Amino acid sequence: MRGEGLASATRFLVLALCVLYVAAAVGGLAVLDFDTTRDLVLWLVFLLVGSGLMLLGQLVLPPGARSAVLVSLGAALGGLPLFWTLLVPVAVAAVIACSVALARRATPA
């Protein structure tokens, strides 16, 4: 994949996953019946902090190692409560792979 194509694909995947995490957080509040307050807090923290880290790494930081670490950490963190969907782990793996590849291209040899 070319540099611009990889950057735009990564940006699209990160933004799509962020929207999915926020929608899952809000939808979980409305649909799921949490047994304890701790479960509710963990659900919200994992999804919203994961989404925030991905946005911070993608939109605020320039492409590089720090950006890849934040995007990867946010994708993995937000993907934990949704691992059972099978689609989210595939999207998380794609986001991590794309962000690492983009960071390796941005780093001078």
# chains A, B, ... in the order shown; residues from 1 in each chain; ligands from 1
>>> residues_around(residues="Ser67 of chain A", least_positions_apart="2", cutoff="12 Å", atoms="only C-alpha atoms", output="PyMOL selection string")
chain A and resi 10-11+14+53-65+69-74+95-96+98-104+106-107
>>> atom_distance(atom1="atom CA of Leu44 of chain A", atom2="atom CA of Val88 of chain A")
16.5 Å
>>> closest_residue(among="A:Gly27, A:Gly79, A:Pro89, A:Gly5", to="Gly50 of chain A", atoms="only C-alpha atoms")
A:Gly79
>>> atom_distance(atom1="atom CA of Leu40 of chain A", atom2="atom CA of Val92 of chain A")
22.4 Å
>>> atom_distance(atom1="atom CA of Ser8 of chain A", atom2="atom CA of Ala93 of chain A")
16.7 Å
>>> select_by_dssp(residues="chain A", states="alpha helix (DSSP H)", output="PyMOL selection string")
chain A and resi 3-31+37-55+65-79+87-106
>>> write_last_selection(atoms="C-alpha atoms", output="PDB file, in the first residue's frame")
ATOM      1  CA  GLY A   3       2.043   6.037   1.843  1.00  0.00           C
ATOM      2  CA  GLU A   4      -1.023   8.216   1.254  1.00  0.00           C
ATOM      3  CA  GLY A   5      -3.272   5.200   0.811  1.00  0.00           C
ATOM      4  CA  LEU A   6      -2.002   3.671   4.037  1.00  0.00           C
ATOM      5  CA  ALA A   7      -2.442   6.945   5.921  1.00  0.00           C
ATOM      6  CA  SER A   8      -6.012   7.439   4.703  1.00  0.00           C
ATOM      7  CA  ALA A   9      -6.923   3.786   5.338  1.00  0.00           C
ATOM      8  CA  THR A  10      -5.514   4.015   8.859  1.00  0.00           C
ATOM      9  CA  ARG A  11      -7.372   7.261   9.509  1.00  0.00           C
ATOM     10  CA  PHE A  12     -10.636   5.732   8.267  1.00  0.00           C
ATOM     11  CA  LEU A  13     -10.191   2.563  10.350  1.00  0.00           C
ATOM     12  CA  VAL A  14      -9.333   4.520  13.487  1.00  0.00           C
ATOM     13  CA  LEU A  15     -12.285   6.883  13.115  1.00  0.00           C
ATOM     14  CA  ALA A  16     -14.672   4.018  12.330  1.00  0.00           C
ATOM     15  CA  LEU A  17     -13.483   2.063  15.358  1.00  0.00           C
ATOM     16  CA  CYS A  18     -13.805   5.169  17.565  1.00  0.00           C
ATOM     17  CA  VAL A  19     -17.386   5.669  16.436  1.00  0.00           C
ATOM     18  CA  LEU A  20     -18.079   1.979  17.071  1.00  0.00           C
ATOM     19  CA  TYR A  21     -16.626   2.173  20.588  1.00  0.00           C
ATOM     20  CA  VAL A  22     -18.652   5.262  21.496  1.00  0.00           C
ATOM     21  CA  ALA A  23     -21.814   3.720  20.014  1.00  0.00           C
ATOM     22  CA  ALA A  24     -21.184   0.518  21.982  1.00  0.00           C
ATOM     23  CA  ALA A  25     -20.678   2.516  25.189  1.00  0.00           C
ATOM     24  CA  VAL A  26     -23.921   4.444  24.732  1.00  0.00           C
ATOM     25  CA  GLY A  27     -25.810   1.417  23.433  1.00  0.00           C
ATOM     26  CA  GLY A  28     -24.569  -0.694  26.318  1.00  0.00           C
ATOM     27  CA  LEU A  29     -25.997   1.795  28.773  1.00  0.00           C
ATOM     28  CA  ALA A  30     -29.394   1.564  27.118  1.00  0.00           C
ATOM     29  CA  VAL A  31     -29.553  -2.145  26.309  1.00  0.00           C
ATOM     30  CA  THR A  37     -21.791  -0.419  39.180  1.00  0.00           C
ATOM     31  CA  ARG A  38     -18.251  -1.742  38.744  1.00  0.00           C
ATOM     32  CA  ASP A  39     -19.274  -3.563  35.554  1.00  0.00           C
ATOM     33  CA  LEU A  40     -20.861  -0.400  34.197  1.00  0.00           C
ATOM     34  CA  VAL A  41     -17.791   1.695  35.016  1.00  0.00           C
ATOM     35  CA  LEU A  42     -15.428  -0.844  33.435  1.00  0.00           C
ATOM     36  CA  TRP A  43     -17.585  -1.003  30.287  1.00  0.00           C
ATOM     37  CA  LEU A  44     -17.555   2.773  29.905  1.00  0.00           C
ATOM     38  CA  VAL A  45     -13.893   3.259  30.834  1.00  0.00           C
ATOM     39  CA  PHE A  46     -12.581   0.615  28.443  1.00  0.00           C
ATOM     40  CA  LEU A  47     -14.642   1.852  25.501  1.00  0.00           C
ATOM     41  CA  LEU A  48     -14.408   5.606  25.998  1.00  0.00           C
ATOM     42  CA  VAL A  49     -10.737   5.711  27.064  1.00  0.00           C
ATOM     43  CA  GLY A  50      -9.850   3.404  24.165  1.00  0.00           C
ATOM     44  CA  SER A  51     -11.661   5.682  21.760  1.00  0.00           C
ATOM     45  CA  GLY A  52     -10.002   8.755  23.249  1.00  0.00           C
ATOM     46  CA  LEU A  53      -6.508   7.265  23.012  1.00  0.00           C
ATOM     47  CA  MET A  54      -7.040   6.334  19.381  1.00  0.00           C
ATOM     48  CA  LEU A  55      -8.297   9.823  18.527  1.00  0.00           C
ATOM     49  CA  ALA A  65       6.131   5.667  17.239  1.00  0.00           C
ATOM     50  CA  ARG A  66       4.163   7.582  19.899  1.00  0.00           C
ATOM     51  CA  SER A  67       1.148   7.816  17.620  1.00  0.00           C
ATOM     52  CA  ALA A  68       1.305   4.086  16.859  1.00  0.00           C
ATOM     53  CA  VAL A  69       1.574   3.227  20.555  1.00  0.00           C
ATOM     54  CA  LEU A  70      -1.448   5.355  21.501  1.00  0.00           C
ATOM     55  CA  VAL A  71      -3.555   4.075  18.609  1.00  0.00           C
ATOM     56  CA  SER A  72      -2.606   0.455  19.314  1.00  0.00           C
ATOM     57  CA  LEU A  73      -3.190   0.785  23.050  1.00  0.00           C
ATOM     58  CA  GLY A  74      -6.556   2.467  22.517  1.00  0.00           C
ATOM     59  CA  ALA A  75      -7.661  -0.112  19.959  1.00  0.00           C
ATOM     60  CA  ALA A  76      -6.724  -3.005  22.226  1.00  0.00           C
ATOM     61  CA  LEU A  77      -8.234  -1.394  25.328  1.00  0.00           C
ATOM     62  CA  GLY A  78     -11.551  -0.640  23.649  1.00  0.00           C
ATOM     63  CA  GLY A  79     -11.618  -4.024  21.955  1.00  0.00           C
ATOM     64  CA  LEU A  87     -15.505  -8.383  13.872  1.00  0.00           C
ATOM     65  CA  VAL A  88     -13.945  -6.017  16.403  1.00  0.00           C
ATOM     66  CA  PRO A  89     -10.795  -8.131  16.971  1.00  0.00           C
ATOM     67  CA  VAL A  90     -10.221  -8.215  13.210  1.00  0.00           C
ATOM     68  CA  ALA A  91     -10.650  -4.433  13.013  1.00  0.00           C
ATOM     69  CA  VAL A  92      -8.338  -3.980  16.024  1.00  0.00           C
ATOM     70  CA  ALA A  93      -5.668  -6.128  14.381  1.00  0.00           C
ATOM     71  CA  ALA A  94      -5.985  -4.119  11.156  1.00  0.00           C
ATOM     72  CA  VAL A  95      -5.715  -0.792  13.002  1.00  0.00           C
ATOM     73  CA  ILE A  96      -2.654  -1.936  14.930  1.00  0.00           C
ATOM     74  CA  ALA A  97      -0.953  -3.299  11.807  1.00  0.00           C
ATOM     75  CA  CYS A  98      -1.688  -0.146   9.791  1.00  0.00           C
ATOM     76  CA  SER A  99      -0.565   2.237  12.534  1.00  0.00           C
ATOM     77  CA  VAL A 100       2.688   0.329  13.078  1.00  0.00           C
ATOM     78  CA  ALA A 101       3.365   0.220   9.321  1.00  0.00           C
ATOM     79  CA  LEU A 102       2.667   3.939   9.079  1.00  0.00           C
ATOM     80  CA  ALA A 103       4.979   4.656  12.014  1.00  0.00           C
ATOM     81  CA  ARG A 104       7.759   2.598  10.437  1.00  0.00           C
ATOM     82  CA  ARG A 105       7.444   4.599   7.214  1.00  0.00           C
ATOM     83  CA  ALA A 106       7.520   7.893   9.109  1.00  0.00           C
TER      84      ALA A 106
END
